[in-house]
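Novice: So here's upload.csv, just CSV, C-alpha atoms:
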```csv
chain,number,residue,atom,x,y,z
A,167,MET,CA,180.5,29.1,68.6
A,168,SER,CA,178.9,26.9,66.0
A,169,SER,CA,179.4,27.3,62.4
A,170,THR,CA,177.1,28.4,59.5
A,171,LYS,CA,179.0,26.1,57.1
A,172,VAL,CA,177.8,22.5,56.6
A,173,VAL,CA,179.1,19.7,54.5
A,174,THR,CA,176.2,17.2,53.9
A,175,GLY,CA,176.2,13.4,53.9
A,176,LYS,CA,175.1,11.7,50.7
A,177,VAL,CA,172.2,13.6,49.0
A,178,ARG,CA,170.5,13.5,45.6
A,179,LEU,CA,171.0,16.4,43.3
A,180,SER,CA,168.1,18.0,41.4
A,181,PHE,CA,167.7,21.1,39.2
A,182,CYS,CA,171.4,21.2,38.6
A,183,GLN,CA,172.6,24.6,37.3
A,184,LEU,CA,176.3,24.2,38.3
A,185,PHE,CA,178.2,25.1,35.1
A,186,GLU,CA,176.3,28.1,33.7
A,187,PRO,CA,174.4,30.6,35.8
A,188,LYS,CA,170.7,30.9,35.1
A,189,ALA,CA,168.3,33.8,35.7
A,190,ILE,CA,164.9,32.8,37.1
A,191,GLU,CA,161.9,35.1,36.8
A,192,GLY,CA,163.9,38.2,36.2
A,193,SER,CA,166.4,37.7,39.0
A,194,ALA,CA,170.2,38.0,38.6
A,195,PRO,CA,171.8,34.9,37.1
A,196,LYS,CA,172.9,32.3,39.7
A,197,TYR,CA,174.4,28.9,40.0
A,198,SER,CA,172.1,26.6,41.9
A,199,VAL,CA,171.2,23.0,42.8
A,200,THR,CA,168.4,21.6,44.9
A,201,LEU,CA,169.5,19.0,47.5
A,202,LEU,CA,167.3,16.0,48.3
A,203,ILE,CA,168.4,15.0,51.8
A,204,PRO,CA,167.2,11.6,53.1
A,205,LYS,CA,165.1,12.0,56.3
A,206,THR,CA,167.1,9.1,57.7
A,207,ASP,CA,170.3,11.3,57.6
A,208,THR,CA,169.7,12.9,61.0
A,209,VAL,CA,173.4,13.9,61.3
A,210,THR,CA,173.1,16.2,58.3
A,211,LEU,CA,169.7,17.4,59.3
A,212,ASN,CA,171.0,18.3,62.8
A,213,LYS,CA,174.0,20.1,61.3
A,214,ILE,CA,171.7,22.1,59.0
A,215,LYS,CA,169.3,23.1,61.8
A,216,ALA,CA,172.2,24.2,64.0
A,217,ALA,CA,173.7,26.2,61.1
A,218,ILE,CA,170.4,27.9,60.3
A,219,ALA,CA,170.0,28.9,64.0
A,220,GLU,CA,173.6,30.2,64.1
A,221,ALA,CA,173.1,32.2,60.9
A,222,ALA,CA,169.9,33.8,62.3
A,223,ASP,CA,171.6,34.6,65.6
A,224,ARG,CA,174.6,36.2,63.8
A,225,PHE,CA,172.3,38.3,61.5
A,226,ARG,CA,170.3,39.5,64.6
A,227,GLN,CA,173.5,40.4,66.4
A,228,LYS,CA,174.7,42.5,63.5
A,229,ASN,CA,171.4,44.0,62.4
A,230,GLY,CA,169.3,44.2,65.6
A,231,ALA,CA,167.0,41.7,67.4
A,232,ALA,CA,164.0,42.7,65.2
A,233,SER,CA,165.9,42.2,61.9
A,234,LEU,CA,164.5,38.6,61.7
A,235,PRO,CA,161.2,37.2,63.1
A,236,ALA,CA,161.4,34.5,65.8
A,237,LYS,CA,160.8,31.9,63.1
A,238,PRO,CA,162.5,33.2,60.0
A,239,ILE,CA,161.9,31.7,56.5
A,240,ASP,CA,164.4,28.9,56.0
A,241,PRO,CA,165.5,26.9,53.0
A,242,LEU,CA,164.6,23.4,54.4
A,243,HIS,CA,161.3,21.9,53.3
A,244,ASP,CA,159.5,18.6,53.8
A,245,GLY,CA,159.5,16.7,50.5
A,246,ASP,CA,156.4,14.8,51.7
A,247,GLY,CA,154.5,18.1,51.9
A,248,VAL,CA,153.8,20.9,49.5
A,249,LYS,CA,156.0,23.6,47.9
A,250,PRO,CA,155.7,26.8,49.9
A,251,SER,CA,155.7,28.9,46.7
A,252,THR,CA,152.8,27.1,44.9
A,253,GLY,CA,151.1,24.9,47.4
A,254,GLU,CA,151.6,22.0,44.9
A,255,PRO,CA,152.9,18.7,46.2
A,256,TYR,CA,156.6,17.9,45.6
A,257,GLY,CA,157.4,15.3,42.9
A,258,PRO,CA,157.8,11.6,43.7
A,259,GLU,CA,161.6,11.9,43.9
A,260,CYS,CA,161.1,14.1,47.0
A,261,LYS,CA,159.2,11.5,49.1
A,262,GLY,CA,161.1,10.7,52.2
A,263,MET,CA,163.4,13.6,51.7
A,264,TRP,CA,164.1,17.1,53.0
A,265,VAL,CA,164.3,19.5,50.0
A,266,MET,CA,166.7,22.5,50.1
A,267,ALA,CA,167.5,24.9,47.3
A,268,THR,CA,171.0,26.4,47.3
A,269,SER,CA,172.5,29.0,45.1
A,270,CYS,CA,175.4,31.4,44.6
A,271,SER,CA,176.0,34.5,42.5
A,272,GLU,CA,177.4,34.2,39.0
A,273,SER,CA,180.6,35.8,40.3
A,274,GLN,CA,181.2,32.9,42.7
A,275,LYS,CA,181.0,29.7,40.6
A,276,PRO,CA,180.8,26.7,42.9
A,277,VAL,CA,183.6,24.1,42.9
A,278,VAL,CA,182.5,20.8,41.3
A,279,VAL,CA,184.6,17.7,41.9
A,280,ASP,CA,184.3,13.9,41.6
A,281,ALA,CA,184.5,11.4,44.4
A,282,PHE,CA,188.3,11.7,44.4
A,283,GLY,CA,188.4,15.5,44.5
A,284,ASN,CA,189.2,15.9,40.8
A,285,ALA,CA,187.6,18.9,39.0
A,286,ILE,CA,184.5,18.0,36.8
A,287,THR,CA,184.3,20.3,33.8
A,288,ASP,CA,181.7,18.3,31.7
A,289,PRO,CA,178.2,19.7,32.5
A,290,GLY,CA,176.7,16.3,31.5
A,291,GLU,CA,178.6,14.6,34.3
A,292,VAL,CA,176.5,16.2,37.1
A,293,TYR,CA,172.8,16.0,36.5
A,294,SER,CA,169.5,15.8,38.3
A,295,GLY,CA,169.3,12.4,39.8
A,296,CYS,CA,173.0,11.7,40.5
A,297,TYR,CA,174.3,11.4,44.1
A,298,GLY,CA,176.8,13.7,45.8
A,299,ARG,CA,177.6,15.8,48.8
A,300,ALA,CA,177.3,19.6,49.1
A,301,SER,CA,179.3,22.3,51.0
A,302,ILE,CA,176.9,25.1,51.9
A,303,ASN,CA,177.0,28.2,54.0
A,304,PHE,CA,173.9,29.7,55.7
A,305,TYR,CA,173.3,33.4,56.0
A,306,GLY,CA,170.6,35.8,57.2
A,307,TYR,CA,168.8,38.2,54.8
A,308,SER,CA,166.2,40.9,55.0
A,309,ASN,CA,164.9,42.3,51.8
A,310,GLN,CA,161.3,41.8,50.6
A,311,LYS,CA,161.3,38.8,52.9
A,312,LYS,CA,163.2,37.9,56.0
A,313,GLY,CA,165.0,34.6,56.6
A,314,VAL,CA,168.0,32.4,56.3
A,315,GLY,CA,169.3,31.3,52.9
A,316,ALA,CA,171.7,28.5,51.8
A,317,GLY,CA,174.7,29.6,49.8
A,318,LEU,CA,176.2,27.0,47.6
A,319,LEU,CA,180.0,26.6,47.9
A,320,ALA,CA,180.9,23.2,46.3
A,321,ILE,CA,179.5,19.9,45.0
A,322,GLN,CA,181.2,16.5,45.1
A,323,LYS,CA,179.6,13.9,42.8
A,324,LEU,CA,179.8,10.5,44.4
A,325,HIS,CA,178.1,8.3,41.8
A,326,ASP,CA,175.5,8.1,39.1
A,327,GLY,CA,171.8,7.6,39.7
A,328,GLU,CA,168.6,7.3,37.7
A,329,PRO,CA,168.1,10.7,36.0
A,330,PHE,CA,165.0,12.6,36.9
A,331,GLY,CA,162.6,13.4,34.0
A,332,THR,CA,162.9,12.3,30.5
A,333,VAL,CA,166.3,11.7,29.0
A,334,GLY,CA,166.9,11.0,25.3
A,335,SER,CA,169.6,8.9,23.8
A,336,ALA,CA,170.8,7.8,20.3
A,337,ASP,CA,168.9,4.6,20.9
A,338,ASP,CA,165.6,6.6,20.6
A,339,PHE,CA,166.2,6.5,16.8
A,340,ASN,CA,166.6,2.7,16.5
A,341,ASP,CA,162.9,2.2,15.7
A,342,GLY,CA,163.2,1.0,12.1
A,343,TRP,CA,161.9,4.3,10.7
A,344,THR,CA,162.9,4.9,7.1
A,345,ASP,CA,162.8,8.2,5.1
A,346,GLU,CA,160.6,7.5,2.1
A,347,GLY,CA,161.7,10.8,0.5
A,348,ALA,CA,165.5,10.2,1.1
A,349,GLY,CA,166.4,11.5,-2.4
A,350,ASP,CA,164.4,14.7,-2.0
A,351,ASP,CA,166.3,17.9,-1.1
A,352,PHE,CA,163.9,19.6,1.3
A,353,LEU,CA,166.3,22.5,1.9
A,354,ARG,CA,165.7,24.0,-1.7
```
Go through the file and emit its structure as structure tokens.

Specialist:
Amino acid sequence: MSSTKVVTGKVRLSFCQLFEPKAIEGSAPKYSVTLLIPKTDTVTLNKIKAAIAEAADRFRQKNGAASLPAKPIDPLHDGDGVKPSTGEPYGPECKGMWVMATSCSESQKPVVVDAFGNAITDPGEVYSGCYGRASINFYGYSNQKKGVGAGLLAIQKLHDGEPFGTVGSADDFNDGWTDEGAGDDFLR
């Protein structure tokens, strides 16, 4: 029997919410990260597809053949396409990638380690744009929708990468600006 657990090859991390759970649109708070999986990584892709199929089969065996449609919703999306939720194109960082959102409940904080297996406790160390690997477990569900989800188990940061989005630094303030009213007490 195959497994529903997958450890990916090298991926890029996005929308990192690994140290504090966050509630989205009224849902329960969750830890989460979106994985950007290179389309060239066919080994990881094949493991994910097999795990999704296994999770769907296990769910049907437990809950009946009609508990999931023949093609259930799954968490893997084409980064060269459009977001299923909005129909908008994915961002440029998703080009040439498979995009997969993963999450876990606030009661099951994911393990976060560095390339040597040492725990990472600084939230600034793991950010959108860095590279890592993920340990995920796939599971079937049937609530308002029916499909297969990706449960986040652990993240291993491999190395830094160009951060996504705009990032500030102390150098932002080295522009020669001077405060003309430096002697004024504006807090009075």

Novice: Extract, using all atoms listed in the file, all DNA, RNA and protein residues at most 12 Å from Phe330 in chain A, discarding same-chain residues fewer than 5 positions from it, and format them as a VMD selection string.

Specialist: chain A and resid 178 to 182 257 to 260 293 to 297

Novice: In the coordinates of the file, take the point (162.8, 31.8, 59.2) and a cut-off of 12 Å; then, counting all atoms listed in the file, name each qualifying protein, DNA or RNA residue as a PyMOL selection string.

Specialist: chain A and resi 215+218-223+225+233-243+304-308+311-315

Novice: So which residues are close to (178.6, 34.5, 38.0), meaning at most 9 Å away in the file's coordinates with only C-alpha atoms counted, and can you show them as a ChimeraX atom specification?

Specialist: /A:186-187,195-197,270-275

Novice: Which value, in Å to one decimal, gives the distance between CA of Pro276 in chain A and CA of Gly175 in chain A?

Specialist: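 Between these atoms lies a distance of 17.9 Å.
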
Novice: Using all atoms listed in the file, which residue out of A:Glu254, A:Glu291, A:Glu346, A:Asp338 lies closest to Leu324 in chain A?

Specialist: A:Glu291

Novice: Let me make sure I understand: among A:Val248, A:Val173, A:Ala285, A:Ala320, which one has the smallest atom-to-atom distance to Asn212 in chain A if we use only C-alpha atoms?

Specialist: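 Of the candidates, the smallest distance to Asn212 in chain A is held by A:Val173.
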
Novice: When distances are computed from all atoms listed in the file, which of A:Ala267, A:Val177, A:Asp288, A:Ser198 shows the smallest separation from Gly327 in chain A?

Specialist: A:Val177

Novice: Counting all atoms listed in the file, which residue out of A:Ala232, A:Val199, A:Ala217, A:Ile302 sits closest to Gln183 in chain A?

Specialist: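 Answer, going by the shortest atom-to-atom distance: A:Val199.
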